[in-house]
Each structure stands twice: as structure tokens, then as C-alpha cells.
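Shown next: structure-v4.txt, containing compact mmCIF, C-alpha atoms and all ligand atoms.
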```txt
# COMPACT_ATOMS: atom_id res chain seq x y z
CA MET I 815 -1.91 1.45 18.51
CA ARG I 816 -1.86 -1.55 16.25
CA LEU I 817 -1.68 -0.88 12.53
CA LEU I 818 -1.82 -3.23 9.55
CA PHE I 819 -0.69 -2.40 6.03
CA LEU I 820 -1.47 -4.75 3.12
CA GLY I 821 0.32 -4.51 -0.23
CA ASP I 822 -1.12 -4.26 -3.75
CA VAL I 823 -4.40 -6.17 -4.04
CA MET I 824 -4.23 -8.08 -7.33
CA GLY I 825 -7.50 -8.87 -9.11
CA ARG I 826 -10.29 -11.11 -7.89
CA SER I 827 -7.90 -13.41 -6.03
CA GLY I 828 -6.61 -10.51 -3.94
CA ARG I 829 -10.07 -9.02 -3.36
CA ASP I 830 -11.50 -12.35 -2.23
CA GLY I 831 -8.49 -12.95 0.04
CA VAL I 832 -8.96 -9.56 1.69
CA SER I 833 -12.71 -10.06 2.13
CA GLU I 834 -12.27 -13.54 3.58
CA ARG I 835 -9.33 -12.97 5.89
CA LEU I 836 -9.06 -9.32 6.88
CA PRO I 837 -12.05 -9.20 9.29
CA GLY I 838 -10.54 -12.13 11.25
CA LEU I 839 -7.09 -10.50 11.36
CA ILE I 840 -8.59 -7.27 12.69
CA ARG I 841 -10.50 -9.21 15.34
CA ASP I 842 -7.65 -11.54 16.36
CA TYR I 843 -4.92 -8.90 16.60
CA GLY I 844 -6.97 -5.87 17.62
CA PHE I 845 -5.87 -3.64 14.76
CA ASP I 846 -6.91 -0.03 15.28
CA PHE I 847 -6.22 1.01 11.68
CA VAL I 848 -5.77 -0.75 8.35
CA VAL I 849 -4.34 0.61 5.08
CA ILE I 850 -4.51 -1.35 1.82
CA ASN I 851 -2.88 -0.56 -1.51
CA GLY I 852 -5.65 -1.12 -4.09
CA GLU I 853 -3.96 -0.09 -7.35
CA ASN I 854 -4.39 -3.51 -9.03
CA ALA I 855 -7.64 -4.67 -7.44
CA SER I 856 -9.77 -4.37 -10.58
CA HIS I 857 -8.43 -7.03 -12.98
CA GLY I 858 -4.89 -5.83 -12.25
CA ARG I 859 -5.65 -2.35 -13.52
CA GLY I 860 -6.77 0.33 -11.10
CA LEU I 861 -9.67 0.34 -8.69
CA THR I 862 -13.36 0.69 -9.56
CA GLU I 863 -15.69 2.39 -7.12
CA SER I 864 -17.42 -0.88 -6.24
CA HIS I 865 -14.12 -2.68 -5.59
CA TYR I 866 -13.01 0.29 -3.48
CA ALA I 867 -16.24 -0.15 -1.48
CA ASP I 868 -15.44 -3.88 -1.07
CA LEU I 869 -12.00 -3.09 0.44
CA ARG I 870 -13.56 -0.56 2.80
CA ALA I 871 -16.28 -3.04 3.81
CA ALA I 872 -13.63 -5.69 4.58
CA GLY I 873 -11.96 -3.32 7.07
CA ALA I 874 -9.66 -0.89 5.23
CA ASP I 875 -9.68 2.51 6.91
CA ALA I 876 -7.71 3.97 4.00
CA VAL I 877 -6.86 2.76 0.48
CA THR I 878 -3.78 3.89 -1.43
CA LEU I 879 -2.92 3.75 -5.14
CA GLY I 880 0.14 4.07 -7.38
CA ASP I 881 1.07 4.21 -11.06
CA HIS I 882 -2.17 2.33 -11.92
CA ALA I 883 -4.29 5.00 -10.18
CA TRP I 884 -6.14 6.12 -13.32
CA ASP I 885 -6.43 2.81 -15.18
CA GLN I 886 -10.16 2.85 -14.36
CA ARG I 887 -11.41 6.16 -15.68
CA ASP I 888 -14.14 6.51 -13.08
CA THR I 889 -11.46 6.85 -10.39
CA LEU I 890 -10.79 10.35 -11.76
CA THR I 891 -14.22 11.41 -10.52
CA TYR I 892 -15.15 9.26 -7.52
CA ILE I 893 -11.78 9.91 -5.81
CA GLU I 894 -12.94 13.51 -5.31
CA ARG I 895 -15.71 12.42 -2.95
CA GLU I 896 -13.72 9.73 -1.11
CA PRO I 897 -11.42 11.26 1.54
CA THR I 898 -10.08 7.81 2.49
CA LEU I 899 -8.86 7.01 -1.05
CA LEU I 900 -5.38 8.43 -1.75
CA ARG I 901 -3.29 8.66 -4.91
CA PRO I 902 0.42 9.57 -4.98
CA ILE I 903 0.92 13.04 -3.54
CA ASN I 904 3.59 13.95 -6.12
CA PHE I 905 1.43 13.41 -9.21
CA HIS I 906 0.98 16.35 -11.57
CA PRO I 907 -0.47 19.38 -9.72
CA THR I 908 -3.74 19.13 -11.70
CA ALA I 909 -4.40 15.50 -10.67
CA PRO I 910 -7.76 14.94 -8.95
CA GLY I 911 -8.02 13.61 -5.40
CA ARG I 912 -5.46 13.93 -2.64
CA GLY I 913 -2.19 12.28 -1.67
CA ALA I 914 -2.39 12.62 2.11
CA ASN I 915 -5.15 12.81 4.68
CA LEU I 916 -5.64 12.64 8.44
CA ILE I 917 -8.14 9.82 8.92
CA GLU I 918 -9.89 8.72 12.10
CA GLY I 919 -9.73 5.00 12.86
CA ARG I 920 -12.34 2.74 14.47
CA ASN I 921 -11.05 3.52 17.97
CA GLY I 922 -10.77 7.28 17.51
CA HIS I 923 -7.05 7.46 16.62
CA ARG I 924 -6.06 10.02 14.01
CA VAL I 925 -3.72 8.56 11.41
CA LEU I 926 -1.98 10.58 8.71
CA VAL I 927 -1.78 8.39 5.62
CA VAL I 928 0.54 9.54 2.83
CA ASN I 929 0.90 7.92 -0.61
CA ALA I 930 3.88 8.87 -2.79
CA GLN I 931 5.43 7.50 -5.95
CA GLY I 932 9.12 7.05 -6.61
CA ARG I 933 11.21 8.11 -9.58
CA VAL I 934 13.63 5.24 -10.12
CA PHE I 935 12.47 3.03 -13.04
CA MET I 936 9.08 4.80 -12.90
CA ASP I 937 7.31 7.35 -15.10
CA PRO I 938 8.27 10.95 -14.26
CA VAL I 939 6.63 12.47 -11.20
CA ASP I 940 7.48 15.40 -8.92
CA ASP I 941 10.02 15.01 -6.10
CA PRO I 942 8.47 12.55 -3.62
CA PHE I 943 10.78 13.53 -0.76
CA ARG I 944 9.77 17.20 -0.69
CA ALA I 945 6.10 16.33 -1.19
CA VAL I 946 6.05 13.90 1.76
CA GLU I 947 8.07 16.36 3.87
CA ALA I 948 5.42 19.04 3.35
CA ALA I 949 2.55 16.69 4.26
CA ILE I 950 4.24 15.60 7.47
CA ALA I 951 5.29 19.12 8.43
CA ALA I 952 1.63 20.17 8.21
CA CYS I 953 0.51 17.33 10.50
CA PRO I 954 3.34 16.20 12.77
CA LEU I 955 3.54 12.87 14.58
CA GLY I 956 2.61 13.14 18.25
CA GLU I 957 0.80 16.43 17.65
CA GLN I 958 -2.04 16.33 15.11
CA ALA I 959 -1.31 12.71 14.13
CA ASP I 960 -1.35 9.72 16.52
CA ALA I 961 0.40 7.69 13.80
CA ILE I 962 1.80 8.36 10.33
CA ILE I 963 1.90 5.72 7.58
CA VAL I 964 3.75 6.41 4.32
CA ASP I 965 3.09 4.09 1.34
CA PHE I 966 5.99 4.78 -1.01
CA HIS I 967 5.15 3.21 -4.34
CA THR I 968 8.21 2.51 -6.44
CA GLU I 969 10.40 -0.09 -8.14
CA ALA I 970 13.75 0.41 -6.39
CA THR I 971 14.16 -0.80 -2.82
CA SER I 972 17.05 1.69 -2.42
CA GLU I 973 14.67 4.60 -2.94
CA ILE I 974 12.30 3.27 -0.25
CA GLN I 975 15.10 2.71 2.22
CA ALA I 976 16.26 6.28 1.61
CA MET I 977 12.71 7.51 2.34
CA GLY I 978 12.79 5.50 5.58
CA PHE I 979 15.98 7.22 6.74
CA PHE I 980 14.65 10.59 5.56
CA LEU I 981 11.58 10.18 7.80
CA ASP I 982 13.20 8.32 10.71
CA GLY I 983 11.69 9.66 13.94
CA ARG I 984 8.93 11.51 12.06
CA ALA I 985 6.71 8.67 10.78
CA SER I 986 5.42 5.46 12.37
CA LEU I 987 5.84 3.32 9.25
CA VAL I 988 7.45 3.74 5.83
CA VAL I 989 6.56 0.83 3.57
CA GLY I 990 7.14 0.20 -0.11
CA THR I 991 4.61 -1.10 -2.61
CA HIS I 992 4.61 -1.78 -6.39
CA THR I 993 7.02 -4.72 -6.88
CA HIS I 994 4.43 -7.19 -5.47
CA ILE I 995 7.25 -9.17 -3.82
CA PRO I 996 7.60 -8.93 -0.02
CA THR I 997 11.07 -8.12 1.26
CA ALA I 998 12.67 -9.61 4.39
CA ASP I 999 14.07 -6.38 5.83
CA ALA I 1000 11.32 -5.31 8.25
CA ARG I 1001 12.93 -3.42 11.14
CA ILE I 1002 12.71 -0.34 13.30
CA LEU I 1003 15.23 2.39 12.49
CA LYS I 1004 17.21 4.06 15.25
CA SER I 1005 14.84 6.98 15.82
CA GLY I 1006 11.72 4.79 15.85
CA THR I 1007 10.35 4.59 12.31
CA ALA I 1008 9.36 1.11 11.13
CA LEU I 1009 10.58 0.28 7.61
CA MET I 1010 9.90 -2.48 5.09
CA ALA I 1011 11.10 -2.05 1.52
CA ASP I 1012 8.12 -3.81 -0.07
CA ALA I 1013 4.95 -5.09 1.53
CA GLY I 1014 4.37 -7.60 -1.27
CA MET I 1015 0.96 -8.20 -2.86
CA CYS I 1016 -2.37 -9.67 -1.89
CA GLY I 1017 -2.73 -12.10 -4.75
CA ASP I 1018 -1.97 -15.52 -6.19
CA PHE I 1019 1.78 -16.17 -6.05
CA ASN I 1020 1.54 -19.07 -8.53
CA SER I 1021 2.11 -16.37 -11.14
CA VAL I 1022 4.53 -13.64 -12.27
CA ILE I 1023 3.71 -10.80 -9.85
CA GLY I 1024 0.03 -11.78 -9.95
CA VAL I 1025 -0.26 -12.37 -13.72
CA GLU I 1026 -0.69 -15.86 -15.27
CA ALA I 1027 2.90 -16.80 -16.12
CA ASP I 1028 2.42 -17.75 -19.83
CA GLU I 1029 2.30 -14.27 -21.37
CA PRO I 1030 5.05 -12.62 -19.25
CA LEU I 1031 7.26 -15.64 -19.96
CA ASN I 1032 6.47 -15.43 -23.68
CA ARG I 1033 7.43 -11.74 -23.74
CA PHE I 1034 10.70 -12.38 -21.90
CA LEU I 1035 11.53 -15.22 -24.29
CA THR I 1036 10.50 -13.60 -27.59
CA GLY I 1037 10.10 -9.85 -27.02
CA ILE I 1038 6.75 -10.07 -28.82
CA ALA I 1039 3.35 -9.61 -27.17
CA ASN I 1040 1.10 -12.56 -27.88
CA GLY I 1041 -1.91 -11.65 -25.77
CA ARG I 1042 -3.05 -9.76 -22.70
CA PHE I 1043 -1.90 -10.14 -19.14
CA THR I 1044 -4.43 -12.21 -17.21
CA PRO I 1045 -4.58 -11.98 -13.40
CA ALA I 1046 -3.94 -15.36 -11.76
CA GLU I 1047 -7.00 -16.56 -9.86
CA GLY I 1048 -5.71 -19.11 -7.35
CA GLU I 1049 -5.79 -18.56 -3.61
CA ALA I 1050 -4.18 -15.31 -2.52
CA THR I 1051 -1.45 -14.78 0.01
CA LEU I 1052 -2.23 -11.59 1.92
CA CYS I 1053 1.13 -9.83 2.26
CA GLY I 1054 1.93 -6.84 4.38
CA VAL I 1055 3.33 -5.59 7.63
CA ALA I 1056 1.96 -5.00 11.12
CA ILE I 1057 3.29 -2.52 13.65
CA GLU I 1058 2.55 -1.54 17.21
CA THR I 1059 3.21 2.07 18.18
CA ASP I 1060 4.00 3.83 21.45
CA PRO I 1061 0.84 5.75 22.41
CA LYS I 1062 2.90 8.70 23.64
CA THR I 1063 5.14 9.24 20.63
CA GLY I 1064 3.45 7.41 17.75
CA LEU I 1065 6.77 5.74 16.94
CA ALA I 1066 7.09 2.00 16.35
CA MET I 1067 7.75 -0.50 19.14
CA ASN I 1068 7.19 -3.69 17.13
CA ILE I 1069 7.16 -4.64 13.46
CA SER I 1070 6.18 -7.99 11.95
CA PRO I 1071 5.87 -9.05 8.35
CA VAL I 1072 2.47 -10.61 7.60
CA ARG I 1073 1.83 -13.40 5.06
CA VAL I 1074 -1.44 -15.30 5.32
CA GLY I 1075 -2.90 -18.00 3.04
CA GLY I 1076 -1.91 -19.09 -0.46
CA ALA I 1077 1.49 -20.23 -1.68
CA LEU I 1078 3.99 -18.27 0.45
CA SER I 1079 5.46 -19.23 3.82
CA GLN I 1080 3.18 -17.91 6.53
CA ALA I 1081 3.96 -15.09 8.98
CA LEU I 1082 1.71 -13.56 11.61
CA PRO I 1083 2.06 -10.52 13.87
CA THR I 1084 4.18 -11.21 16.94
CA PHE I 1085 2.00 -9.17 19.28
FE FE V 1101 0.98 -2.95 -8.06
FE FE V 1102 2.49 -0.02 -9.18
```
Structure translated into C-alpha cells:
Amino acid sequence: MRLLFLGDVMGRSGRDGVSERLPGLIRDYGFDFVVINGENASHGRGLTESHYADLRAAGADAVTLGDHAWDQRDTLTYIEREPTLLRPINFHPTAPGRGANLIEGRNGHRVLVVNAQGRVFMDPVDDPFRAVEAAIAACPLGEQADAIIVDFHTEATSEIQAMGFFLDGRASLVVGTHTHIPTADARILKSGTALMADAGMCGDFNSVIGVEADEPLNRFLTGIANGRFTPAEGEATLCGVAIETDPKTGLAMNISPVRVGGALSQALPTF
């Protein structure tokens, strides 16, 4: 199986980049399943129902969220009727929606997608390790699930690497989101789990993590807010990671960082 994961879609730039380029990537590389983190797709803050529909129409089989999950209030209701939209599994027990689901891809593969949020430099949430463990135990790789993708949304790359080692041999891919900056550590761990500490964002990199640089720079220089954060609207780089799995085990055989369009150096799948 060939799987593509794209990091946090940032505003209109990110949405347009996904709509313009994802269908061609799916066609050219034969992806069987695509997951996109959509937590910043709507003006940097959350994901409206219509922008969620846009990501699905472009080719996302599942969409994950993060700490911005509820920035758009309507997400609290429409998430209940969208089984392919996931919010972190370790949110408060009363949170609407779900944090994991077994989803069928375009070629009939069953992929367990899990979204979790970390606890280092993040608002308090329940233990992500135990929550992910329970989801995977209920739907093991190579049994109910043909592949397992874990989007671990957090600030600290150490926490994501720890999740990778925790799940080594039990998930196809563990990938970080949230920092918006792609890391250069994509590899396959010794028991077959692909790991990348942050997928990066789908957005305009002539910016500070997708925001026009003026206001973040002002706040760093003065400590005083002087306006709102405005999503940068130049051409997006689509950032993420592609893997190919062994059909028998669901474990990773190949991993490639992906960076397409915009300001960053380009990288395409190697299969
Ligand atoms: Fe984000
Ligand atoms: Fe985030």
C-alpha cells in the first residue's frame, strides 16, 4: 500500500495548494490512502464544514485535527456525523467526535487512523500513550487494520520520537504535526514503523509558521500585541511524508519526505 500524509493545512494558501496538487500526486504515485491534518485550514483557526469538504474532495480519505480542533464552533456538531474527521483521542472524555477510526480507502484497504495530542508545551490533555495503545489494541495491524497511521500533534520532537519507539512494530507510520516545520529525520525504525518527527505544513513558507511575519516579529520584539495574526497567502509548499507498506504485515518498506511547490526545497516520493 502507498500512503500519503500531509501536515497542517494553513489558510487559503494551504487549501488551494492541496486542491491544485493533491489529485496529481495521488494519480502519479498511486496512493491508496491520504491523511491530511486540517487544524488550521480555516484562516489558521480550525476547520469549517465546507473547508473539510474541500479537503475530502481533493483526495483526503481522513482529516485529523489538533489543539485548534474547536476554533470553529460548528466543528463541535458536524464532527459527530463525519466518521473520517478525527480529533485528538486524548481530549476530555466529554469531547464530541472520535480520535480513531478504521477507514476504507479507495482500493478497499482498511486503515486505522489515530490522532493524539502531546503534553509537552501543550495545554493539558489525558495521557496520549495509553490512549493510542488502547486504540491499536482494539484494531491490530495485520489483523483488522491493513495499515495504521498515527498523527501525534505536539510541540516537542522528543515526545513524537518516543511515541515512534513505543509503537515500533505495531503501526505503519507515526508522524508529528503542529510545529509546521518539516523535520529531516524520516526513517524506518528497527521493527518496521516509519517515523517522522514533524510533517511540516501545507502553507506559505514566506511567513512565520504560516502567519504574515510582521505581527509575530512585533510580539517577539516588544511583547505587546499590535494586531491579529494574518495567514500568509503566497504559494503553498505541500509538506508531508509518503510511505509504502508490506501488504502482508502492514509495516513500512519505504519512507520519503514530500515537499511540493512554494518556497521550500522540493522532495518527491522515491517509489
Ligand atoms: Fe497547526
Ligand atoms: Fe496545533
Protein and nucleic acid residues within 12 Å of ligand FE 1102 (chain V) (all atoms listed in the file) as a CSV table (one decimal) with C-alpha atoms, in the coordinates of the input:
```
chain,number,residue,atom,x,y,z
I,821,GLY,CA,0.3,-4.5,-0.2
I,822,ASP,CA,-1.1,-4.3,-3.8
I,823,VAL,CA,-4.4,-6.2,-4.0
I,824,MET,CA,-4.2,-8.1,-7.3
I,851,ASN,CA,-2.9,-0.6,-1.5
I,852,GLY,CA,-5.6,-1.1,-4.1
I,853,GLU,CA,-4.0,-0.1,-7.4
I,854,ASN,CA,-4.4,-3.5,-9.0
I,855,ALA,CA,-7.6,-4.7,-7.4
I,858,GLY,CA,-4.9,-5.8,-12.2
I,859,ARG,CA,-5.6,-2.4,-13.5
I,860,GLY,CA,-6.8,0.3,-11.1
I,878,THR,CA,-3.8,3.9,-1.4
I,879,LEU,CA,-2.9,3.8,-5.1
I,880,GLY,CA,0.1,4.1,-7.4
I,881,ASP,CA,1.1,4.2,-11.1
I,882,HIS,CA,-2.2,2.3,-11.9
I,883,ALA,CA,-4.3,5.0,-10.2
I,884,TRP,CA,-6.1,6.1,-13.3
I,885,ASP,CA,-6.4,2.8,-15.2
I,901,ARG,CA,-3.3,8.7,-4.9
I,902,PRO,CA,0.4,9.6,-5.0
I,929,ASN,CA,0.9,7.9,-0.6
I,930,ALA,CA,3.9,8.9,-2.8
I,931,GLN,CA,5.4,7.5,-6.0
I,932,GLY,CA,9.1,7.0,-6.6
I,933,ARG,CA,11.2,8.1,-9.6
I,935,PHE,CA,12.5,3.0,-13.0
I,936,MET,CA,9.1,4.8,-12.9
I,937,ASP,CA,7.3,7.4,-15.1
I,965,ASP,CA,3.1,4.1,1.3
I,966,PHE,CA,6.0,4.8,-1.0
I,967,HIS,CA,5.2,3.2,-4.3
I,968,THR,CA,8.2,2.5,-6.4
I,969,GLU,CA,10.4,-0.1,-8.1
I,970,ALA,CA,13.8,0.4,-6.4
I,990,GLY,CA,7.1,0.2,-0.1
I,991,THR,CA,4.6,-1.1,-2.6
I,992,HIS,CA,4.6,-1.8,-6.4
I,993,THR,CA,7.0,-4.7,-6.9
I,994,HIS,CA,4.4,-7.2,-5.5
I,995,ILE,CA,7.2,-9.2,-3.8
I,1012,ASP,CA,8.1,-3.8,-0.1
I,1014,GLY,CA,4.4,-7.6,-1.3
I,1015,MET,CA,1.0,-8.2,-2.9
I,1023,ILE,CA,3.7,-10.8,-9.8
```
If I put a ball of radius 9 Å at (2.5, 14.9, -7.1) in the file's coordinates, which residues poke into it when counting only C-alpha atoms, written as a compact mmCIF listing (two decimals) with C-alpha atoms, in the frame of the given file?
```
# COMPACT_ATOMS: atom_id res chain seq x y z
CA ARG I 901 -3.29 8.66 -4.91
CA PRO I 902 0.42 9.57 -4.98
CA ILE I 903 0.92 13.04 -3.54
CA ASN I 904 3.59 13.95 -6.12
CA PHE I 905 1.43 13.41 -9.21
CA HIS I 906 0.98 16.35 -11.57
CA PRO I 907 -0.47 19.38 -9.72
CA THR I 908 -3.74 19.13 -11.70
CA ALA I 909 -4.40 15.50 -10.67
CA GLY I 913 -2.19 12.28 -1.67
CA ALA I 930 3.88 8.87 -2.79
CA GLN I 931 5.43 7.50 -5.95
CA VAL I 939 6.63 12.47 -11.20
CA ASP I 940 7.48 15.40 -8.92
CA ASP I 941 10.02 15.01 -6.10
CA PRO I 942 8.47 12.55 -3.62
CA ALA I 945 6.10 16.33 -1.19
```
Give me the box for stretch 945-959 of chain I as JSON, namely the centre and edge lengths in Å to one decimal of a box along x, y and z that holds every listed atom plus 3 Å on each side.
```
{"center_x": 3.0, "center_y": 16.4, "center_z": 8.5, "size_x": 16.1, "size_y": 13.5, "size_z": 25.4}
```
**OP:** Rounded to one decimal place, report the atom CA of I:His865-atom CA of I:Glu894 distance in Å.
**Re:** 16.2 Å
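Distance check against ligand FE 1101 (chain V) using all atoms listed in the file: of I:Gly873, I:Gly1064, I:Pro897, I:Gly828, the minimum falls on I:Gly828.
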**OP:** Find the residues around I:Val877 up to 6 Å (all atoms listed in the file counted), leave out those fewer than 4 positions away in its own chain, and share them as a PyMOL selection string.
**Re:** chain I and resi 849-851+899
**OP:** List every protein, DNA or RNA residue with an atom no more than 12 Å from (-5.5, -11.0, 15.8) in the file's coordinates, counting only C-alpha atoms, and format the result as number ranges by chain.
**Re:** I: 816-818, 835-846, 1056, 1072, 1082-1085
